[in-house]
Amino acid sequence: METASFHLDMWDSDVVESVRHKLGELTDLHGLKRIFKDARKDKGQDDFLGNVVLHLKDLHCWNDRWYQLEPQTETYPNRGQCHLQFLLTHKKRATTSSRTQPSYIVHRHLLQQLVSYEILQHQAGSIAWDGELSRHASTVLYLHATQKDLSDFHQVIVRWLAYSKLYQSLEFNSNCLLHQITSIEYQWVQERLRPEQKAEVAESFQSLLTYGVSLIRRYRIIFPLSVPRSTERLQSLLRVLVQMCKMKAFHELCTPSPNLPHMVSTALKSGTTEWFHMKKQHLKPMVKSMEENGKALSRLLLEVLGDLQQCQKIWNRFFISTLKLNLFSIAYLELERLVAEHVQEQLREVNSSMSKPTAESLFQLYMNLQELYRMKDFLPKRDGPLALNNFHQWFKEGVPQWLQKAYTIALERAQRAVQMDQLTPFGEHNKHSTSTVDLSTCYAQIVKTWQQLNWPDPEEAFMIMVKLVEDMCRIALMYCRLIKGRAEALSLHKQNEGEEANRLCIVVNNIKQLRLLILKLPSQLDWVQLEQLTAAVIDRQQIQHTLHNQLDSTISCLDHEVQEVVQTLATKLEKGIARHIQELSSSNDTREAEDSVIPLMKFLESELQYLNEHLVQENFKSLLTLLWHHTLAVLSAAMGQQVPSAQCYKKLHCALKSLELCFHAEGCGLPLEMLHTAAFQSLETRLDLCSATSRKLIQKYFSNRIQQQLDASSEKYGAVTIKALYCPSEQKLHVEVLNAVNLIPLDSNGSSDPFVQLTLEPRHEFPEVVARATQCKRNELHPLFDEAFDFLIPAEKCLQEGACLLLTVFDYDMLGANDLEGEAFFPLCHLPGLNTDEGPADAGRVPQTRLPLTHPKPTGDEILQLLESRKADKEAQAFVKLRKQRAKQSKETE
């Protein structure tokens with residue numbers, strides 16, 4: 001019953017004792033109190049210790065444990081524990097089965113019924129049974145085994161017989177069998193079984209072995225990967241079979257013992273053959289035609305490839321780890337043979353005049369066979385040739401049509417790409433248009449075709465390569481013609497000159513992009529490997545002649561096309577450059593040269609910036625090269641006209657320098673070595689000579705002043721003493737201003753406030769050297785300066801004509817301009833230490849140099865008059881102005 005329970009009370013027994021006996025045990029006052037307490041109780045009343053209440057439904061057939069005594073109260077929080085053992089049996093034994101059959105057979109039938117029920121219950125709930133019986137079933141089996149006196153060994157045998165038989169009809173985890181095998185192996189004693197029991201166990205072994213091998217033979221169907229835990233189920237079955245064949249019981253009862261690996265290998269071969277024929281029948285086309293047969297073959301090959309990949313990646317490790325069998329090797333050798341036979345049988349119907357659809361279907365079949373053949377690399381070892389060796393020869397007749405199809409598809413796609421191209425940049429960071437993207441895809445597809453063919457025969461592979469390169473070169477030349485025509489067609493509808501130039505830039509960039517695609521072909525098609533493979537049958541010169549020369553010829557054609565379009569763009573700019581240079585050479589305005597070239601530079605910078613934004617860098621530099629040569633020619637022609645004025649030469653020289661900077665563009669344009677050609681250097685020399693007349697006169701002026709100083713016989717304006725030397729290692733001029741003597745008093749107090757200014761002349765030779773000055777000495781006509789100065793100048797500058805150190809002595813005037821005391825010239829070519837052959841000069845041994853002071857002539861100097869006459873020469877006029885100011889500073893009258 002659901003509410004039935006087992007009730008146990010535990011008491012402390014109270015035995016009646018005489019008062020005399022108790023008084024005899026009295027020892028203290030506490031004992032006396034205990035006697036009075038007992039006297040008040042009824043005689044013989046026991047003490048309650050606790051109870052245990054258990055529901056019968058919760059008890060098992062065999063229980064052995066400790067139970068807590070109840071109830072727990074504040075007075076008795078822990079009443080202790082009680083140890084109980086339960087053994088539930090029943091006395092009713094007489095049944096029909098027990099009277100007619102042995103007990104272990106009845107026990108097996110009972111177990112089979114219970115197991116079948118458990119499996120069906122789990123299948124209904126979509127949960128795989130793990131082999132564990134329910135609590136009720138375990139109780140029933142235990143009770144039956146107990147009352148029939150079945151030993152543990154016989155119970156194990158019964159469970160094996162029941163489970164192994166049920167496994168062949170019902171689906172459950174084979175690990176249950178593995179557990180029974182382990183139990184039998186642990187308890188096996190053959191003599192404990194009767195002959196009929198031994199025969200039954202042996203038959204169970206053979207039956208399970210046969211059934212298990214049949215499952216392995218059909219493992220593709222029985223254990224599909226689409227069903228969860230299929231791999232675990234197959235692995236478990238393999239382990240059961242392996243462990244069963246290793247059992248002592250198996251070897252003793254099943255004589256001779258079968259060879260499990262051989263049985264499984266044979267089963268796998270036959271199962272693979274059955275699976276192939278089943279797939280072949282399933283994929284058999286409804287319509288009998290070569291095209292449909294080719295498609296069916298391709299689908300069959302895909303199924304075979306998929307199966308072999310599963311064998312190699314998934315199933316193989318289970319068979320190797322358990323049986324030391326290479327499943328992939330068994331399946332591959334069998335399927336490769338079957339595929340070869342079936343494909344050859346189908347291809348016998350194809351003749352040399354195969355149709356285009358047939359050729360297309362065979363190409364997919366060829367690639368699938370190629371992939372199947374490549375899987376041979378996963379075989380551990382091979383004995384003898386494979387059936388698919390030289391399979392490429394079966395498709396030799398279809399190769400020309402395959403190549404023609406690849407060319408036709410690429411050609412049509414390139415034509416459509418040009419027709420759709422609007423010649424606008426493709427993307428924000430690209431300077432070519434959409435057609436080059438499609439063209440790149442076309443080439444990539446042809447390259448992929450070559451890689452897919454992977455033709456093994458070297459000589460035939462070379463001929464295929466020649467055809468592919470020829471086709472790609474034809475597409476390239478066709479594209480150039482079409483894209484130029486597309487630009488012309490768009491220009492008919494849009495007459496904007498700027499848009500036309502933009503389209504021409506896109507055409508150049510597209511052709512240049514095509515050129516890059518062509519140049520990548522040798523690496524993409526792996527010509528190096530092809531040369532190595534064909535070295536024995538194809539001469540190297542023949543490869544050079546047929547492949548490299550053809551490619552070089554196409555590159556030359558593309559370069560010519562680019563050059564033509566770039567020349568068209570350059571011609572538009574050449575007209576503007578020639579116009580501005582002509583204006584420079586023929587103008588008579590007196591503007592500065594730098595100002596005069598501004599219109600030319602603005603025009604050129606604007607145009608070049610536009611082209612730089614629309615042309616790729618390489619094409620832009622090609623355009624710059626053309627423009628540079630043209631610009632030099634225009635400048636040279638401008639100089640060959642009527643004799644220009646000095647100002648005109650100045651403008652042309654300034655224009656040349658400005659153009660040089662413009663075309664160099666701070667390193668982003670043409671490099672200087674490309675700009676400084678022989679024509680440029682010749683033109684620069686001519687312009688320098690024409691514009692350097694004033695500088696030559698200035699150098700002559702200082703040479704004359706130095707000579708005049710050397711010829712002076714008196715120190716009318718006083719003298720200045722210095723020490724000067726040159727340090728070659730540091731490229732430094734060292735000057736010590738020691739003193740000045742006999743200066744002319746220029747102040748009203750009869751004295752002067754002198755200081756010395758040091759400059760290097762002529763200024764155009766030392767443009768970066770700043771003037772230096774000594775301290776001012778108050779009220780001195782014989783000042784002692786004793787100051788040193790250093791000037792960083794190269795040695796070659798000191799050897800130039802007229803190069804000198806100009807020492808100007810001024811009388812400091814606080815309110816007005818400083819008055820000139822005089823000036824002295826020290827020629828730099830006489831510097832100690834300048835001549836490296838004499839060795840470095842010693843500052844301590846350099847002699848002092850006393851230089852007489854002179855005054856410039858206010859009038860009458862012929863060189864100054866010549867310089868003054870060069871009105872258009874800015875540098876000449878600036879020098880004359882400076883010398884006139886120096887003359888005005890002199891208070892001395894001639």
# chains A, B, ... in the order shown; residues from 1 in each chain; ligands from 1
>>> residues_around(residues="stretch 575-580 of chain A", least_positions_apart="6", cutoff="10 Å", atoms="only C-alpha atoms", output="PyMOL selection string")
chain A and resi 596-601+603-604+607+627+630-631+633-635+637-638
>>> residues_around(residues="A:Cys662", least_positions_apart="3", cutoff="9 Å", atoms="only C-alpha atoms", output="short mmCIF file (atom, residue, chain, number, x, y, z; two decimals) with N, CA and C atoms, in the first residue's frame")
data_model
loop_
_atom_site.label_atom_id
_atom_site.label_comp_id
_atom_site.auth_asym_id
_atom_site.auth_seq_id
_atom_site.Cartn_x
_atom_site.Cartn_y
_atom_site.Cartn_z
N MET A 601 53.91 80.13 -63.81
CA MET A 601 53.89 79.15 -62.74
C MET A 601 52.47 78.82 -62.30
N LEU A 604 51.00 76.49 -64.93
CA LEU A 604 51.56 75.15 -64.91
C LEU A 604 51.17 74.40 -63.63
N GLU A 605 51.21 75.06 -62.50
CA GLU A 605 50.84 74.41 -61.25
C GLU A 605 49.39 73.96 -61.24
N LYS A 657 64.64 78.31 -63.34
CA LYS A 657 64.76 77.88 -61.97
C LYS A 657 63.38 77.56 -61.36
N SER A 658 62.40 78.38 -61.68
CA SER A 658 61.06 78.15 -61.15
C SER A 658 60.45 76.87 -61.73
N LEU A 659 60.68 76.64 -63.01
CA LEU A 659 60.17 75.43 -63.64
C LEU A 659 60.85 74.19 -63.05
N ALA A 665 58.81 69.38 -57.57
CA ALA A 665 57.69 69.33 -56.62
C ALA A 665 58.11 68.74 -55.28
N GLU A 666 59.22 69.22 -54.76
CA GLU A 666 59.72 68.79 -53.44
C GLU A 666 59.86 67.28 -53.34
N GLY A 669 57.66 65.03 -57.75
CA GLY A 669 57.62 65.01 -59.21
C GLY A 669 58.79 64.25 -59.77
#
>>> atom_distance(atom1="atom CA of A:Val158", atom2="atom CA of A:Asp58")
27.8 Å
>>> residues_around(residues="A:Val201", least_positions_apart="6", cutoff="8 Å", atoms="only C-alpha atoms", output="list in words")
Ile157, Leu161 and Leu253 of chain A
>>> write_last_selection(atoms="N, CA, C and O atoms", output="PDB file, in the first residue's frame")
ATOM      1  N   ILE A 157      26.291 -14.024 -16.575  1.00  0.00           N
ATOM      2  CA  ILE A 157      26.088 -14.731 -17.843  1.00  0.00           C
ATOM      3  C   ILE A 157      24.688 -14.449 -18.374  1.00  0.00           C
ATOM      4  O   ILE A 157      24.479 -14.221 -19.580  1.00  0.00           O
ATOM      5  N   LEU A 161      23.689 -12.733 -21.970  1.00  0.00           N
ATOM      6  CA  LEU A 161      22.819 -13.371 -22.966  1.00  0.00           C
ATOM      7  C   LEU A 161      21.633 -12.471 -23.316  1.00  0.00           C
ATOM      8  O   LEU A 161      21.242 -12.354 -24.485  1.00  0.00           O
ATOM      9  N   LEU A 253      35.557 -20.885 -25.925  1.00  0.00           N
ATOM     10  CA  LEU A 253      34.287 -21.400 -26.447  1.00  0.00           C
ATOM     11  C   LEU A 253      34.190 -21.313 -27.961  1.00  0.00           C
ATOM     12  O   LEU A 253      33.501 -22.131 -28.580  1.00  0.00           O
TER      13      LEU A 253
END
>>> closest_residue(among="A:Glu360, A:Asp811, A:Asp861, A:Glu196", to="A:Lys777", atoms="only C-alpha atoms")
A:Asp811
>>> residues_around(residues="stretch 434-451 of chain A", least_positions_apart="3", cutoff="6 Å", atoms="only C-alpha atoms", output="VMD selection string")
chain A and resid 410 414 417 to 418 421 426 454
>>> write_last_selection(atoms="N, CA, C and O atoms", output="compact mmCIF listing (two decimals), in the first residue's frame")
# COMPACT_ATOMS: atom_id res chain seq x y z
N ALA A 410 35.75 35.31 -71.13
CA ALA A 410 36.56 36.48 -70.75
C ALA A 410 36.39 37.61 -71.76
O ALA A 410 36.28 38.79 -71.38
N ALA A 414 34.78 41.29 -70.93
CA ALA A 414 35.57 42.51 -71.12
C ALA A 414 34.83 43.50 -72.02
O ALA A 414 34.83 44.72 -71.77
N ALA A 417 32.08 45.09 -70.06
CA ALA A 417 32.64 46.02 -69.07
C ALA A 417 32.96 47.37 -69.70
O ALA A 417 32.69 48.42 -69.10
N VAL A 418 33.52 47.35 -70.91
CA VAL A 418 33.85 48.62 -71.59
C VAL A 418 32.58 49.36 -71.98
O VAL A 418 32.49 50.59 -71.86
N ASP A 421 31.24 51.13 -69.00
CA ASP A 421 32.18 52.03 -68.31
C ASP A 421 31.88 53.48 -68.66
O ASP A 421 31.78 53.85 -69.83
N PHE A 426 36.91 54.68 -60.07
CA PHE A 426 36.21 53.63 -59.33
C PHE A 426 36.61 53.74 -57.87
O PHE A 426 37.66 53.27 -57.45
N ASN A 454 45.85 21.83 -64.39
CA ASN A 454 47.03 21.19 -63.79
C ASN A 454 47.46 19.98 -64.61
O ASN A 454 47.65 18.87 -64.10
>>> decode(residues="stretch 397-427 of chain A", atoms="N, CA, C and O atoms", output="mmCIF file, in the first residue's frame")
data_model
loop_
_atom_site.group_PDB
_atom_site.id
_atom_site.type_symbol
_atom_site.label_atom_id
_atom_site.label_comp_id
_atom_site.auth_asym_id
_atom_site.auth_seq_id
_atom_site.Cartn_x
_atom_site.Cartn_y
_atom_site.Cartn_z
ATOM 1 N N GLU A 397 40.520 15.089 -75.605
ATOM 2 C CA GLU A 397 39.749 15.647 -76.718
ATOM 3 C C GLU A 397 38.954 16.882 -76.308
ATOM 4 O O GLU A 397 38.586 17.698 -77.150
ATOM 5 N N GLY A 398 38.673 17.026 -75.026
ATOM 6 C CA GLY A 398 37.858 18.164 -74.598
ATOM 7 C C GLY A 398 38.640 19.407 -74.235
ATOM 8 O O GLY A 398 38.047 20.477 -74.034
ATOM 9 N N VAL A 399 39.979 19.313 -74.148
ATOM 10 C CA VAL A 399 40.785 20.458 -73.716
ATOM 11 C C VAL A 399 40.624 21.667 -74.635
ATOM 12 O O VAL A 399 40.447 22.800 -74.160
ATOM 13 N N PRO A 400 40.700 21.518 -75.973
ATOM 14 C CA PRO A 400 40.539 22.710 -76.840
ATOM 15 C C PRO A 400 39.224 23.445 -76.596
ATOM 16 O O PRO A 400 39.192 24.683 -76.595
ATOM 17 N N GLN A 401 38.152 22.691 -76.399
ATOM 18 C CA GLN A 401 36.871 23.361 -76.157
ATOM 19 C C GLN A 401 36.845 24.030 -74.782
ATOM 20 O O GLN A 401 36.231 25.086 -74.618
ATOM 21 N N TRP A 402 37.500 23.442 -73.797
ATOM 22 C CA TRP A 402 37.580 24.086 -72.483
ATOM 23 C C TRP A 402 38.305 25.418 -72.575
ATOM 24 O O TRP A 402 37.873 26.422 -71.999
ATOM 25 N N LEU A 403 39.428 25.434 -73.305
ATOM 26 C CA LEU A 403 40.204 26.678 -73.448
ATOM 27 C C LEU A 403 39.423 27.717 -74.239
ATOM 28 O O LEU A 403 39.456 28.921 -73.914
ATOM 29 N N GLN A 404 38.725 27.283 -75.281
ATOM 30 C CA GLN A 404 37.944 28.215 -76.084
ATOM 31 C C GLN A 404 36.808 28.820 -75.273
ATOM 32 O O GLN A 404 36.512 30.024 -75.396
ATOM 33 N N LYS A 405 36.205 28.027 -74.424
ATOM 34 C CA LYS A 405 35.127 28.557 -73.586
ATOM 35 C C LYS A 405 35.662 29.594 -72.606
ATOM 36 O O LYS A 405 35.050 30.658 -72.410
ATOM 37 N N ALA A 406 36.813 29.332 -72.013
ATOM 38 C CA ALA A 406 37.410 30.295 -71.081
ATOM 39 C C ALA A 406 37.717 31.613 -71.789
ATOM 40 O O ALA A 406 37.468 32.702 -71.247
ATOM 41 N N TYR A 407 38.231 31.521 -73.015
ATOM 42 C CA TYR A 407 38.546 32.741 -73.775
ATOM 43 C C TYR A 407 37.278 33.497 -74.147
ATOM 44 O O TYR A 407 37.201 34.729 -74.019
ATOM 45 N N THR A 408 36.265 32.780 -74.599
ATOM 46 C CA THR A 408 35.016 33.427 -75.025
ATOM 47 C C THR A 408 34.340 34.144 -73.863
ATOM 48 O O THR A 408 33.877 35.285 -73.996
ATOM 49 N N ILE A 409 34.295 33.489 -72.719
ATOM 50 C CA ILE A 409 33.669 34.123 -71.551
ATOM 51 C C ILE A 409 34.421 35.378 -71.149
ATOM 52 O O ILE A 409 33.821 36.432 -70.868
ATOM 53 N N ALA A 410 35.753 35.311 -71.134
ATOM 54 C CA ALA A 410 36.556 36.476 -70.748
ATOM 55 C C ALA A 410 36.395 37.609 -71.756
ATOM 56 O O ALA A 410 36.279 38.786 -71.379
ATOM 57 N N LEU A 411 36.381 37.271 -73.040
ATOM 58 C CA LEU A 411 36.241 38.296 -74.077
ATOM 59 C C LEU A 411 34.892 38.999 -73.980
ATOM 60 O O LEU A 411 34.813 40.245 -74.024
ATOM 61 N N GLU A 412 33.829 38.234 -73.844
ATOM 62 C CA GLU A 412 32.491 38.837 -73.759
ATOM 63 C C GLU A 412 32.353 39.693 -72.501
ATOM 64 O O GLU A 412 31.749 40.771 -72.540
ATOM 65 N N ARG A 413 32.925 39.248 -71.419
ATOM 66 C CA ARG A 413 32.829 40.022 -70.185
ATOM 67 C C ARG A 413 33.611 41.328 -70.296
ATOM 68 O O ARG A 413 33.155 42.375 -69.812
ATOM 69 N N ALA A 414 34.778 41.287 -70.933
ATOM 70 C CA ALA A 414 35.568 42.512 -71.120
ATOM 71 C C ALA A 414 34.828 43.497 -72.020
ATOM 72 O O ALA A 414 34.834 44.717 -71.774
ATOM 73 N N GLN A 415 34.189 42.996 -73.063
ATOM 74 C CA GLN A 415 33.428 43.876 -73.962
ATOM 75 C C GLN A 415 32.262 44.542 -73.231
ATOM 76 O O GLN A 415 32.027 45.740 -73.388
ATOM 77 N N ARG A 416 31.544 43.756 -72.426
ATOM 78 C CA ARG A 416 30.433 44.335 -71.667
ATOM 79 C C ARG A 416 30.935 45.363 -70.652
ATOM 80 O O ARG A 416 30.288 46.395 -70.415
ATOM 81 N N ALA A 417 32.082 45.088 -70.058
ATOM 82 C CA ALA A 417 32.636 46.017 -69.068
ATOM 83 C C ALA A 417 32.961 47.365 -69.696
ATOM 84 O O ALA A 417 32.691 48.421 -69.103
ATOM 85 N N VAL A 418 33.518 47.355 -70.912
ATOM 86 C CA VAL A 418 33.849 48.621 -71.588
ATOM 87 C C VAL A 418 32.576 49.355 -71.980
ATOM 88 O O VAL A 418 32.487 50.590 -71.859
ATOM 89 N N GLN A 419 31.577 48.636 -72.437
ATOM 90 C CA GLN A 419 30.326 49.268 -72.837
ATOM 91 C C GLN A 419 29.622 49.946 -71.661
ATOM 92 O O GLN A 419 28.976 50.982 -71.827
ATOM 93 N N MET A 420 29.771 49.392 -70.477
ATOM 94 C CA MET A 420 29.130 49.963 -69.294
ATOM 95 C C MET A 420 29.987 51.018 -68.597
ATOM 96 O O MET A 420 29.501 51.727 -67.721
ATOM 97 N N ASP A 421 31.243 51.134 -68.997
ATOM 98 C CA ASP A 421 32.182 52.028 -68.307
ATOM 99 C C ASP A 421 31.882 53.485 -68.662
ATOM 100 O O ASP A 421 31.784 53.849 -69.835
ATOM 101 N N GLN A 422 31.732 54.332 -67.639
ATOM 102 C CA GLN A 422 31.520 55.767 -67.828
ATOM 103 C C GLN A 422 32.820 56.555 -67.705
ATOM 104 O O GLN A 422 32.811 57.778 -67.735
ATOM 105 N N LEU A 423 33.946 55.844 -67.575
ATOM 106 C CA LEU A 423 35.278 56.459 -67.464
ATOM 107 C C LEU A 423 35.328 57.472 -66.326
ATOM 108 O O LEU A 423 35.791 58.610 -66.495
ATOM 109 N N THR A 424 34.856 57.052 -65.204
ATOM 110 C CA THR A 424 34.971 57.842 -63.969
ATOM 111 C C THR A 424 35.720 56.985 -62.952
ATOM 112 O O THR A 424 35.667 55.753 -63.011
ATOM 113 N N PRO A 425 36.432 57.627 -62.027
ATOM 114 C CA PRO A 425 37.225 56.848 -61.067
ATOM 115 C C PRO A 425 36.357 55.880 -60.276
ATOM 116 O O PRO A 425 35.248 56.196 -59.873
ATOM 117 N N PHE A 426 36.908 54.678 -60.074
ATOM 118 C CA PHE A 426 36.211 53.633 -59.325
ATOM 119 C C PHE A 426 36.611 53.743 -57.866
ATOM 120 O O PHE A 426 37.655 53.266 -57.451
ATOM 121 N N GLY A 427 35.793 54.376 -57.070
ATOM 122 C CA GLY A 427 36.094 54.524 -55.645
ATOM 123 C C GLY A 427 36.857 55.798 -55.369
ATOM 124 O O GLY A 427 37.416 56.451 -56.264
#
